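Asks: Pasting entry-v9.cif below, which is mmCIF, C-alpha atoms.
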data_structure
loop_
_atom_site.label_atom_id
_atom_site.label_comp_id
_atom_site.auth_asym_id
_atom_site.auth_seq_id
_atom_site.Cartn_x
_atom_site.Cartn_y
_atom_site.Cartn_z
CA MET A 600 41.52 -1.14 -5.00
CA ALA A 601 40.79 1.77 -2.79
CA GLY A 602 43.23 2.88 -0.11
CA ILE A 603 43.70 5.44 2.60
CA ASP A 604 46.92 7.44 2.67
CA VAL A 605 47.46 8.90 6.10
CA GLY A 606 50.94 10.22 5.42
CA GLY A 607 53.97 9.55 7.60
CA GLY A 608 55.50 6.19 6.95
CA HIS A 609 58.30 6.23 9.54
CA ALA A 610 56.48 4.11 12.10
CA LYS A 611 56.94 0.39 12.26
CA ARG A 612 53.46 -0.38 11.06
CA PRO A 613 52.56 0.60 7.53
CA SER A 614 50.20 3.53 7.66
CA ASN A 615 48.73 2.97 4.21
CA HIS A 616 45.83 0.58 4.50
CA GLU A 617 43.74 -0.82 1.75
CA ILE A 618 40.03 -1.08 2.41
CA PRO A 619 38.98 -4.68 1.75
CA LEU A 620 36.38 -4.00 -0.90
CA ILE A 621 35.58 -7.56 -1.88
CA PRO A 622 34.20 -8.63 1.54
CA PHE A 623 32.32 -5.33 1.66
CA ILE A 624 30.71 -6.07 -1.69
CA ASP A 625 29.89 -9.60 -0.53
CA PHE A 626 28.23 -8.17 2.57
CA LEU A 627 26.22 -5.70 0.49
CA LEU A 628 25.11 -8.44 -1.89
CA CYS A 629 23.96 -10.57 1.05
CA LEU A 630 22.04 -7.59 2.43
CA VAL A 631 20.39 -6.95 -0.94
CA ALA A 632 19.43 -10.62 -1.27
CA PHE A 633 17.94 -10.67 2.26
CA LEU A 634 15.97 -7.46 1.73
CA LEU A 635 14.69 -8.66 -1.65
CA VAL A 636 13.51 -11.96 -0.17
CA THR A 637 11.74 -10.30 2.76
CA ALA A 638 10.35 -7.36 0.75
CA VAL A 639 6.57 -6.99 0.73
CA TRP A 640 5.31 -5.58 -2.52
CA SER A 641 1.81 -5.16 -1.21
CA GLN A 642 -0.80 -3.14 -3.07
CA MET A 643 -3.32 -3.53 -0.28
CA ALA A 644 -5.02 -0.50 1.17
CA ARG A 645 -8.22 0.32 3.01
CA ILE A 646 -11.22 2.50 2.54
CA ASN A 647 -13.04 3.74 5.62
CA ALA A 648 -16.66 3.59 6.61
CA ASP A 649 -18.23 4.86 9.79
CA ALA A 650 -20.99 3.04 11.67
CA ARG A 651 -22.05 6.26 13.44
CA VAL A 652 -22.61 4.47 16.72
CA PRO A 653 -23.20 7.06 19.46
CA GLY A 654 -20.93 6.91 22.48
CA PRO A 655 -22.21 6.38 26.02
CA PRO A 656 -24.28 9.33 27.32
CA ARG A 657 -22.33 11.73 29.52
CA GLU A 658 -24.19 13.61 32.23
CA ASP A 659 -21.73 16.51 32.33
CA VAL A 660 -22.04 17.28 28.64
CA ILE A 661 -25.35 18.41 27.26
CA GLU A 662 -25.12 17.84 23.57
CA GLU A 663 -26.88 20.24 21.37
CA GLN A 664 -28.55 18.31 18.59
CA LYS A 665 -27.89 20.50 15.60
CA LYS A 666 -29.38 19.41 12.35
CA GLU A 667 -26.66 19.37 9.75
CA LYS A 668 -26.83 18.92 6.05
CA GLN A 669 -26.09 15.37 4.98
CA LEU A 670 -25.43 14.06 1.50
CA HIS A 671 -27.47 10.96 0.74
CA VAL A 672 -26.13 8.98 -2.21
CA GLU A 673 -28.82 6.82 -3.72
CA MET A 674 -27.37 4.02 -5.87
CA ARG A 675 -30.43 1.87 -6.30
CA GLY A 676 -31.24 3.14 -9.79
CA GLU A 677 -29.82 1.25 -12.74
CA ARG A 678 -29.16 4.28 -14.93
CA LYS A 679 -28.48 7.09 -12.51
CA PHE A 680 -27.26 8.03 -9.08
CA GLN A 681 -29.20 10.50 -7.01
CA LEU A 682 -27.46 12.95 -4.70
CA VAL A 683 -29.85 14.27 -2.08
CA TRP A 684 -28.90 16.97 0.43
CA LYS A 685 -31.03 16.58 3.53
CA GLU A 686 -31.31 18.60 6.71
CA GLY A 687 -32.87 16.15 9.14
CA SER A 688 -35.78 14.77 7.16
CA THR A 689 -36.14 17.86 4.99
CA VAL A 690 -34.88 17.49 1.44
CA VAL A 691 -32.85 20.55 0.48
CA ASN A 692 -31.69 19.65 -2.98
CA THR A 693 -31.69 16.68 -5.36
CA ILE A 694 -29.24 16.11 -8.19
CA ASP A 695 -29.21 13.28 -10.73
CA VAL A 696 -25.92 11.91 -12.03
CA GLU A 697 -25.62 9.48 -14.91
CA ARG A 698 -24.36 6.07 -13.87
CA LYS A 699 -21.33 5.78 -16.13
CA LYS A 700 -18.88 3.03 -15.27
CA VAL A 701 -15.30 3.66 -16.46
CA PRO A 702 -13.03 0.61 -16.53
CA LYS A 703 -9.69 1.22 -14.89
CA GLY A 704 -6.64 -0.84 -14.03
CA ILE A 705 -6.46 -4.55 -14.64
CA ALA A 706 -9.14 -7.22 -14.14
CA GLU A 707 -12.68 -5.91 -13.73
CA ASP A 708 -11.86 -2.74 -11.82
CA PHE A 709 -13.86 0.38 -12.53
CA THR A 710 -14.63 3.85 -11.19
CA TYR A 711 -17.39 6.45 -11.43
CA PRO A 712 -15.43 9.63 -12.29
CA GLU A 713 -18.55 11.64 -13.20
CA LEU A 714 -20.08 10.92 -9.81
CA ALA A 715 -16.80 11.82 -8.08
CA THR A 716 -16.60 15.18 -9.87
CA LYS A 717 -20.23 15.97 -9.10
CA ILE A 718 -19.80 15.10 -5.41
CA ALA A 719 -16.69 17.34 -5.27
CA ASP A 720 -18.67 20.23 -6.82
CA GLU A 721 -21.52 19.68 -4.39
CA TRP A 722 -19.17 19.69 -1.40
CA LYS A 723 -17.60 22.95 -2.57
CA GLN A 724 -21.06 24.52 -2.67
CA ASN A 725 -22.76 22.95 0.34
CA GLY A 726 -20.10 21.39 2.57
CA SER A 727 -20.28 22.61 6.19
CA HIS A 728 -16.87 21.51 7.51
CA ARG A 729 -14.09 23.00 5.43
CA ALA A 730 -11.65 24.62 7.84
CA ALA A 731 -8.46 22.68 8.52
CA THR A 732 -9.03 23.12 12.27
CA ASP A 733 -12.56 21.67 12.06
CA LYS A 734 -12.53 18.24 13.70
CA LYS A 735 -15.89 17.28 12.25
CA PHE A 736 -16.53 16.00 8.75
CA ASP A 737 -19.49 16.23 6.43
CA GLN A 738 -21.56 13.08 6.48
CA ALA A 739 -22.50 11.02 3.43
CA VAL A 740 -25.09 8.27 3.71
CA LEU A 741 -25.01 5.49 1.15
CA HIS A 742 -28.26 3.81 0.08
CA THR A 743 -27.72 0.50 -1.67
CA ASP A 744 -29.82 -2.33 -2.93
CA ASN A 745 -29.46 -5.63 -1.06
CA SER A 746 -28.19 -7.39 -4.17
CA THR A 747 -25.64 -4.74 -5.24
CA PRO A 748 -22.20 -6.35 -5.65
CA PHE A 749 -19.56 -5.16 -3.18
CA ALA A 750 -17.32 -3.89 -6.04
CA ASP A 751 -20.07 -1.38 -6.98
CA VAL A 752 -20.39 -0.23 -3.37
CA ILE A 753 -16.63 0.35 -3.13
CA ALA A 754 -16.57 2.27 -6.43
CA VAL A 755 -19.25 4.64 -5.08
CA ILE A 756 -17.51 5.06 -1.69
CA ASP A 757 -14.31 5.77 -3.63
CA ALA A 758 -16.14 8.52 -5.56
CA ILE A 759 -17.47 10.00 -2.28
CA TYR A 760 -13.90 10.16 -0.94
CA PHE A 761 -12.70 12.04 -4.04
CA PRO A 762 -13.15 15.58 -2.63
CA GLN A 763 -10.43 16.27 -0.08
CA ARG A 764 -9.77 19.01 2.47
CA ASP A 765 -6.97 20.08 4.78
CA PHE A 766 -7.01 18.68 8.28
CA SER A 767 -4.72 19.91 11.07
CA PHE A 768 -3.81 17.43 13.73
CA ALA A 769 -0.93 17.62 16.23
CA GLY A 770 0.68 20.52 14.37
CA LYS A 771 0.56 18.76 11.02
CA THR A 772 -1.76 19.57 8.15
CA GLU A 773 -2.63 16.84 5.72
CA LYS A 774 -5.17 16.13 3.00
CA VAL A 775 -8.07 13.93 4.07
CA PRO A 776 -11.40 13.00 2.47
CA SER A 777 -14.08 15.63 3.05
CA PHE A 778 -16.80 13.13 3.84
CA ASN A 779 -17.42 10.41 6.37
CA VAL A 780 -19.35 7.55 4.79
CA THR A 781 -21.94 5.39 6.46
CA PHE A 782 -24.59 2.98 5.23
CA ALA A 783 -28.32 3.64 5.35
CA VAL A 784 -30.06 0.88 7.28
CA ASN A 785 -32.94 0.49 4.84
CA MET B 452 92.23 -17.44 -25.75
CA SER B 453 90.60 -18.36 -28.97
CA GLU B 454 86.85 -18.55 -29.07
CA LYS B 455 85.35 -21.93 -29.05
CA PRO B 456 83.34 -22.54 -32.22
CA LEU B 457 79.61 -22.85 -31.68
CA ASN B 458 78.14 -26.26 -31.75
CA ARG B 459 75.63 -26.63 -34.54
CA PHE B 460 72.92 -27.44 -31.96
CA GLU B 461 73.75 -24.58 -29.66
CA GLN B 462 72.01 -21.23 -30.18
CA PRO B 463 73.37 -17.85 -29.09
CA ILE B 464 71.66 -16.28 -26.04
CA GLN B 465 69.05 -13.80 -27.07
CA VAL B 466 67.38 -11.02 -25.16
CA PRO B 467 64.00 -12.30 -23.88
CA GLY B 468 60.96 -10.50 -25.18
CA ARG B 469 57.65 -10.92 -26.84
CA ARG B 470 57.62 -13.67 -29.38
CA LEU B 471 53.99 -14.53 -29.81
CA LEU B 472 52.57 -13.65 -33.22
CA HIS B 473 55.68 -11.71 -34.15
CA HIS B 474 56.25 -13.73 -37.26
CA ILE B 475 52.93 -12.70 -38.80
CA PRO B 476 53.80 -10.15 -41.45
CA LEU B 477 50.76 -7.97 -41.00
CA LYS B 478 51.03 -4.39 -39.79
CA PHE B 479 47.92 -4.26 -37.62
CA VAL B 480 48.79 -7.58 -35.94
CA ARG B 481 52.24 -6.34 -35.10
CA ARG B 482 50.82 -3.10 -33.73
CA LYS B 483 48.43 -5.01 -31.48
CA VAL B 484 51.12 -7.43 -30.35
CA LEU B 485 53.56 -4.65 -29.49
CA GLY B 486 50.88 -2.94 -27.38
CA HIS B 487 50.45 0.15 -29.54
CA GLY B 488 46.79 -0.59 -30.18
CA ARG B 489 44.18 1.88 -29.11
CA ARG B 490 42.64 -0.18 -26.32
CA SER B 491 44.42 -1.98 -23.59
CA SER B 492 43.40 -5.60 -23.20
CA ASN B 493 43.57 -5.48 -19.38
CA HIS B 494 40.48 -3.99 -17.80
CA GLU B 495 39.85 -3.31 -14.14
CA ILE B 496 36.32 -3.77 -12.92
CA PRO B 497 35.12 -0.36 -11.70
CA LEU B 498 34.32 -1.33 -8.11
CA ILE B 499 33.42 2.08 -6.71
CA PRO B 500 30.39 2.72 -8.98
CA PHE B 501 29.35 -0.88 -8.33
CA ILE B 502 29.41 -0.28 -4.57
CA ASP B 503 27.49 2.98 -5.03
CA PHE B 504 24.88 1.11 -7.01
CA LEU B 505 24.60 -1.59 -4.33
CA LEU B 506 24.31 1.02 -1.60
CA CYS B 507 21.48 2.72 -3.49
CA ILE B 508 19.62 -0.59 -3.76
CA VAL B 509 20.17 -1.32 -0.06
CA LEU B 510 18.87 2.13 0.92
CA PHE B 511 15.80 1.78 -1.31
CA LEU B 512 15.01 -1.67 0.04
CA LEU B 513 15.51 -0.53 3.62
CA ALA B 514 13.18 2.42 3.05
CA SER B 515 10.46 0.17 1.67
CA PHE B 516 11.05 -2.54 4.27
CA SER B 517 7.94 -3.58 6.13
CA ALA B 518 8.44 -5.17 9.53
CA THR B 519 4.78 -6.19 9.82
CA GLY B 520 5.04 -8.62 6.94
CA GLU B 521 2.48 -9.47 4.32
CA LEU B 522 -1.23 -9.25 5.00
CA PRO B 523 -2.92 -12.61 4.59
CA VAL B 524 -5.41 -12.50 1.73
CA ASP B 525 -7.47 -15.57 0.95
CA LYS B 526 -6.82 -16.89 -2.56
CA ASN B 527 -10.54 -17.19 -3.21
CA VAL B 528 -11.18 -13.54 -2.36
CA LYS B 529 -10.95 -11.08 -5.25
CA LEU B 530 -10.76 -7.65 -3.70
CA PRO B 531 -12.23 -4.59 -5.41
CA ALA B 532 -9.93 -1.69 -6.24
CA ALA B 533 -10.11 1.98 -5.27
CA GLU B 534 -8.13 5.19 -5.76
CA ASN B 535 -8.80 7.34 -2.69
CA VAL B 536 -7.43 4.94 -0.11
CA LEU B 537 -5.54 4.89 3.18
CA ASP B 538 -2.64 2.73 4.29
CA MET B 539 -3.48 -0.50 6.06
CA VAL B 540 -3.67 -0.65 9.83
CA GLU B 541 -3.28 -3.53 12.23
CA ALA B 542 -6.75 -4.56 13.35
CA PRO B 543 -8.92 -7.69 13.55
CA MET B 544 -9.47 -9.00 10.03
CA VAL B 545 -12.98 -10.15 9.19
CA ALA B 546 -13.00 -12.06 5.90
CA ILE B 547 -16.04 -13.15 3.92
CA THR B 548 -15.08 -16.04 1.63
CA GLY B 549 -17.99 -17.63 -0.18
CA THR B 550 -20.51 -18.25 2.57
CA GLN B 551 -17.98 -18.43 5.37
CA ILE B 552 -17.02 -15.64 7.76
CA LEU B 553 -13.53 -15.74 9.29
CA VAL B 554 -11.99 -13.58 12.00
CA ASP B 555 -8.19 -13.59 11.75
CA GLY B 556 -8.44 -16.90 9.89
CA HIS B 557 -10.76 -18.62 12.38
CA PRO B 558 -14.35 -19.51 11.43
CA ALA B 559 -16.93 -17.05 12.81
CA GLY B 560 -20.24 -18.09 11.28
CA ASN B 561 -21.64 -18.07 7.76
CA THR B 562 -23.76 -15.87 5.55
CA ARG B 563 -26.43 -18.39 4.52
CA ALA B 564 -28.90 -17.27 7.18
CA ILE B 565 -28.66 -13.65 5.97
CA GLU B 566 -29.16 -14.62 2.33
CA GLU B 567 -32.12 -16.85 3.16
CA ALA B 568 -33.81 -14.22 5.35
CA ASN B 569 -33.05 -11.50 2.73
CA ARG B 570 -32.85 -8.81 5.41
CA LEU B 571 -30.23 -7.28 7.68
CA GLN B 572 -29.26 -9.71 10.44
CA ARG B 573 -26.77 -9.87 13.25
CA VAL B 574 -24.27 -12.75 12.96
CA ASP B 575 -24.16 -14.02 16.55
CA GLU B 576 -20.95 -16.05 16.28
CA LEU B 577 -19.08 -13.13 14.76
CA PHE B 578 -20.55 -10.79 17.36
CA ASN B 579 -19.34 -12.98 20.26
CA ILE B 580 -15.83 -13.40 18.83
CA LEU B 581 -15.40 -9.67 18.21
CA LYS B 582 -16.81 -8.81 21.63
CA ASN B 583 -14.36 -11.22 23.28
CA LYS B 584 -11.51 -9.68 21.31
CA ARG B 585 -12.54 -6.23 22.46
CA GLU B 586 -12.69 -7.30 26.10
CA LEU B 587 -9.31 -8.98 25.82
CA TRP B 588 -7.83 -5.79 24.36
CA LYS B 589 -9.25 -3.77 27.26
CA GLN B 590 -7.76 -6.20 29.78
CA ILE B 591 -4.35 -5.99 28.13
CA ASN B 592 -4.48 -2.19 27.76
CA PRO B 593 -6.24 -0.88 30.89
CA GLY B 594 -7.04 2.83 30.89
CA LYS B 595 -6.54 3.18 27.14
CA GLU B 596 -9.30 4.10 24.74
CA PHE B 597 -10.32 1.22 22.50
CA PRO B 598 -9.78 2.21 18.83
CA GLY B 599 -12.72 0.11 17.60
CA VAL B 600 -11.15 -0.54 14.20
CA ALA B 601 -11.83 -3.70 12.21
CA VAL B 602 -10.90 -4.50 8.62
CA LEU B 603 -13.37 -6.28 6.35
CA GLN B 604 -11.89 -8.42 3.58
CA VAL B 605 -14.78 -9.00 1.21
CA ASP B 606 -14.95 -10.56 -2.23
CA ARG B 607 -16.03 -8.14 -4.97
CA LYS B 608 -19.13 -10.22 -5.80
CA VAL B 609 -20.55 -10.51 -2.28
CA PRO B 610 -23.98 -8.82 -2.12
CA ALA B 611 -24.36 -5.58 -0.19
CA LEU B 612 -26.85 -7.17 2.19
CA VAL B 613 -24.17 -9.53 3.56
CA VAL B 614 -21.64 -6.71 3.79
CA LYS B 615 -24.09 -4.47 5.65
CA SER B 616 -25.03 -7.28 8.06
CA VAL B 617 -21.38 -8.00 8.90
CA PHE B 618 -20.71 -4.26 9.13
CA GLN B 619 -23.58 -3.78 11.56
CA THR B 620 -22.59 -6.83 13.62
CA ALA B 621 -19.06 -5.45 14.00
CA ALA B 622 -20.47 -2.05 15.01
CA PHE B 623 -22.69 -3.65 17.67
CA ALA B 624 -19.68 -5.60 18.99
CA GLY B 625 -17.86 -2.32 19.61
CA TYR B 626 -16.07 -1.78 16.29
CA PRO B 627 -17.67 1.34 14.78
CA ASN B 628 -14.65 2.25 12.63
CA ILE B 629 -14.76 -0.26 9.84
CA SER B 630 -12.31 -0.31 6.96
CA PHE B 631 -12.78 -2.25 3.76
CA MET B 632 -9.67 -3.87 2.39
CA VAL B 633 -9.12 -2.96 -1.27
CA SER B 634 -6.34 -3.12 -3.78
CA ARG B 635 -4.80 0.17 -4.77
CA LEU B 636 -5.61 1.68 -8.17
CA GLY B 637 -3.19 4.17 -9.79
CA GLU B 638 -3.26 7.58 -8.13
CA THR B 639 -5.08 10.24 -10.14
CA LYS B 640 -3.93 13.27 -8.15
#
Written as structure tokens, how would this file's structure read?

Replies:
Amino acid sequence: MAGIDVGGGHAKRPSNHEIPLIPFIDFLLCLVAFLLVTAVWSQMARINADARVPGPPREDVIEEQKKEKQLHVEMRGERKFQLVWKEGSTVVNTIDVERKKVPKGIAEDFTYPELATKIADEWKQNGSHRAATDKKFDQAVLHTDNSTPFADVIAVIDAIYFPQRDFSFAGKTEKVPSFNVTFAVN
Amino acid sequence: MSEKPLNRFEQPIQVPGRRLLHHIPLKFVRRKVLGHGRRSSNHEIPLIPFIDFLLCIVLFLLASFSATGELPVDKNVKLPAAENVLDMVEAPMVAITGTQILVDGHPAGNTRAIEEANRLQRVDELFNILKNKRELWKQINPGKEFPGVAVLQVDRKVPALVVKSVFQTAAFAGYPNISFMVSRLGETK
């Protein structure tokens, strides 16, 4: 047993006390049991998409409509993806990437690592918003077939979020995805 | 005084001591019995390391403790997995299970009409529910900017047309920041 020796010993009360370890251990065990029962071992996460809905028009701010480069990811082909850089309606560059599914994790999970690497390379070459202080993000537009399963859509969005950049907010700098993703209407 | 002779049943007083197993004429048994063995047979449980261990567990569990509780995921929904993900946020949960659409567990229309029409469509019931939720939020939090975040919980096999229709409906109802709920794949970075 553990004890505390505080010296002395001439007073009426004994000055050497033993810490009651057994109740302390009992208390700790109860705490462990409670925390184990209430623990949430969740593997859930989220992946963002942006609907690009414009805010209400403000009379005091005249917005300058600047045409920016956008990355259009075409996933309607069965054998390849097409990455198209567009400035407004003008096509700047088109790149084909082989559609190679790589199984990962358990169940039927998969990724497109080749597409992710290619998108990262493309962003390094053509991305407009790289500075950590830049509040804007490069825009990626996803074109899908109506019948494409949702798992495929998520795998492609995941690949688009692969390239990351620094982003400073409220004095903190953290890594965030370089692109904002939205869906093409047609 | 002469000593009284001992009765044949009486025994002389002997010094008390260890008697157990002393009659066994083996050297190693005698050594053990006399306590000269290498290991003592009385062990104390080392309580201090045990308490340290328990404290470590408590600290770990407290660090990973989540006060918000578990997120409700429908058993019929098999979520897709992704690597480059963000932590979950608290927001209205729109689930697509089979042909049914649920908002926070309450029915909010179905997807049959979209599949039959085979084109992007607004889901009116879902739109009204989300719009009401938004207005309620604004009443409760006057003067604050509405975050416009909704989480879509979609089965991995649901066609993109349904997802896009629900996505667009949520955007029209004032939720432009949509997140898709996924399960986390192992980090690659």

Asks: Restrict the distance test to only C-alpha atoms, flag each residue of chain B within 8 Å of chain A, and return the flagged residues as number ranges by chain.

Replies: B: 498, 502, 505-506, 508-509, 512-513, 515-517, 520-521, 530-539, 569-570, 602, 605-612, 614-615, 618-619, 622, 627-637

Asks: For the atom pair CA of Lys584 (chain B) and CA of Glu566 (chain B), what is the interatomic distance in Å to one decimal place?

Replies: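 That distance, rounded to one decimal, is 26.4 Å.
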
Asks: How many Å lie between CA of Lys679 (chain A) and CA of Leu571 (chain B), rounded to one decimal?

Replies: 24.8 Å

Asks: Find the distance between CA of Arg573 (chain B) and CA of Gln681 (chain A) and write it in Å to one decimal.

Replies: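 Those two atoms sit 28.8 Å apart.
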
Asks: Translate the PyMOL selection byres ((chain B and resi 620) around 8), as applied to the file shown, into an explicit residue set as JSON, numbers by chain.

Replies: {"B": [572, 573, 574, 575, 577, 578, 616, 617, 618, 619, 621, 622, 623, 624]}

Asks: Please dump the current selection as an mmCIF file, keeping the file's coordinate frame; keep C-alpha atoms.

Replies:
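Produced file result-v8.cif, reproduced below:
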data_model
loop_
_atom_site.group_PDB
_atom_site.id
_atom_site.type_symbol
_atom_site.label_atom_id
_atom_site.label_comp_id
_atom_site.auth_asym_id
_atom_site.auth_seq_id
_atom_site.Cartn_x
_atom_site.Cartn_y
_atom_site.Cartn_z
ATOM 1 C CA GLN B 572 -29.260 -9.710 10.440
ATOM 2 C CA ARG B 573 -26.770 -9.870 13.250
ATOM 3 C CA VAL B 574 -24.270 -12.750 12.960
ATOM 4 C CA ASP B 575 -24.160 -14.020 16.550
ATOM 5 C CA LEU B 577 -19.080 -13.130 14.760
ATOM 6 C CA PHE B 578 -20.550 -10.790 17.360
ATOM 7 C CA SER B 616 -25.030 -7.280 8.060
ATOM 8 C CA VAL B 617 -21.380 -8.000 8.900
ATOM 9 C CA PHE B 618 -20.710 -4.260 9.130
ATOM 10 C CA GLN B 619 -23.580 -3.780 11.560
ATOM 11 C CA ALA B 621 -19.060 -5.450 14.000
ATOM 12 C CA ALA B 622 -20.470 -2.050 15.010
ATOM 13 C CA PHE B 623 -22.690 -3.650 17.670
ATOM 14 C CA ALA B 624 -19.680 -5.600 18.990
#

Asks: With all atoms listed in the file as the counted atoms, please give the residues lying no more than 12 Å from Ser777 (chain A), apart from itself and same-chain residues fewer than 4 positions off, as JSON, numbers by chain.

Replies: {"A": [670, 718, 719, 720, 721, 722, 723, 725, 726, 727, 728, 729, 730, 731, 733, 734, 735, 736, 737, 738, 739, 757, 758, 759, 760, 761, 762, 763, 764, 765, 766, 773], "B": [535]}

Asks: Next, the residues of the selection above should be written as a compact mmCIF listing (two decimals), keeping the file's coordinate frame with C-alpha atoms.

Replies:
# COMPACT_ATOMS: atom_id res chain seq x y z
CA LEU A 670 -25.43 14.06 1.50
CA ILE A 718 -19.80 15.10 -5.41
CA ALA A 719 -16.69 17.34 -5.27
CA ASP A 720 -18.67 20.23 -6.82
CA GLU A 721 -21.52 19.68 -4.39
CA TRP A 722 -19.17 19.69 -1.40
CA LYS A 723 -17.60 22.95 -2.57
CA ASN A 725 -22.76 22.95 0.34
CA GLY A 726 -20.10 21.39 2.57
CA SER A 727 -20.28 22.61 6.19
CA HIS A 728 -16.87 21.51 7.51
CA ARG A 729 -14.09 23.00 5.43
CA ALA A 730 -11.65 24.62 7.84
CA ALA A 731 -8.46 22.68 8.52
CA ASP A 733 -12.56 21.67 12.06
CA LYS A 734 -12.53 18.24 13.70
CA LYS A 735 -15.89 17.28 12.25
CA PHE A 736 -16.53 16.00 8.75
CA ASP A 737 -19.49 16.23 6.43
CA GLN A 738 -21.56 13.08 6.48
CA ALA A 739 -22.50 11.02 3.43
CA ASP A 757 -14.31 5.77 -3.63
CA ALA A 758 -16.14 8.52 -5.56
CA ILE A 759 -17.47 10.00 -2.28
CA TYR A 760 -13.90 10.16 -0.94
CA PHE A 761 -12.70 12.04 -4.04
CA PRO A 762 -13.15 15.58 -2.63
CA GLN A 763 -10.43 16.27 -0.08
CA ARG A 764 -9.77 19.01 2.47
CA ASP A 765 -6.97 20.08 4.78
CA PHE A 766 -7.01 18.68 8.28
CA GLU A 773 -2.63 16.84 5.72
CA ASN B 535 -8.80 7.34 -2.69

Asks: Here's the selection I'm unsure about, the PyMOL selection byres ((chain A and resi 678) around 7); applied to the file above, which residues does it give, as a list in words?

Replies: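 Against this file, the PyMOL selection byres ((chain A and resi 678) around 7) returns the residues Gly676, Glu677, Lys679, Glu697 and Arg698 of chain A.
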
Asks: Using the chain letters and residue numbers of this document, give as a list of chain:residue names the residues selected by the PyMOL selection byres ((chain B and resi 552-557) around 10).

Replies: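 Evaluating the PyMOL selection byres ((chain B and resi 552-557) around 10) on this file yields B:Pro523, B:Val524, B:Asp525, B:Ala542, B:Pro543, B:Met544, B:Val545, B:Ala546, B:Ile547, B:Thr548, B:Gly549, B:Thr550, B:Gln551, B:Pro558, B:Ala559, B:Gly560, B:Asn561, B:Thr562, B:Val574, B:Glu576, B:Leu577, B:Ile580, B:Leu581, B:Ala601, B:Val602, B:Leu603, B:Gln604, B:Val605, B:Val617.
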
Asks: Give me the residues within 9 Å of Gly687 (chain A) as a ChimeraX atom specification, counting only C-alpha atoms and dropping any in the same chain fewer than 4 places off.

Replies: /A:666-669

Asks: Write out as a list in words the residues lying within 8 Å of Glu713 (chain A), counting all atoms listed in the file and excluding same-chain residues fewer than 2 positions away.

Replies: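 Contacts, in chain order: Val696, Glu697, Lys699, Tyr711, Ala715, Thr716 and Lys717 of chain A.
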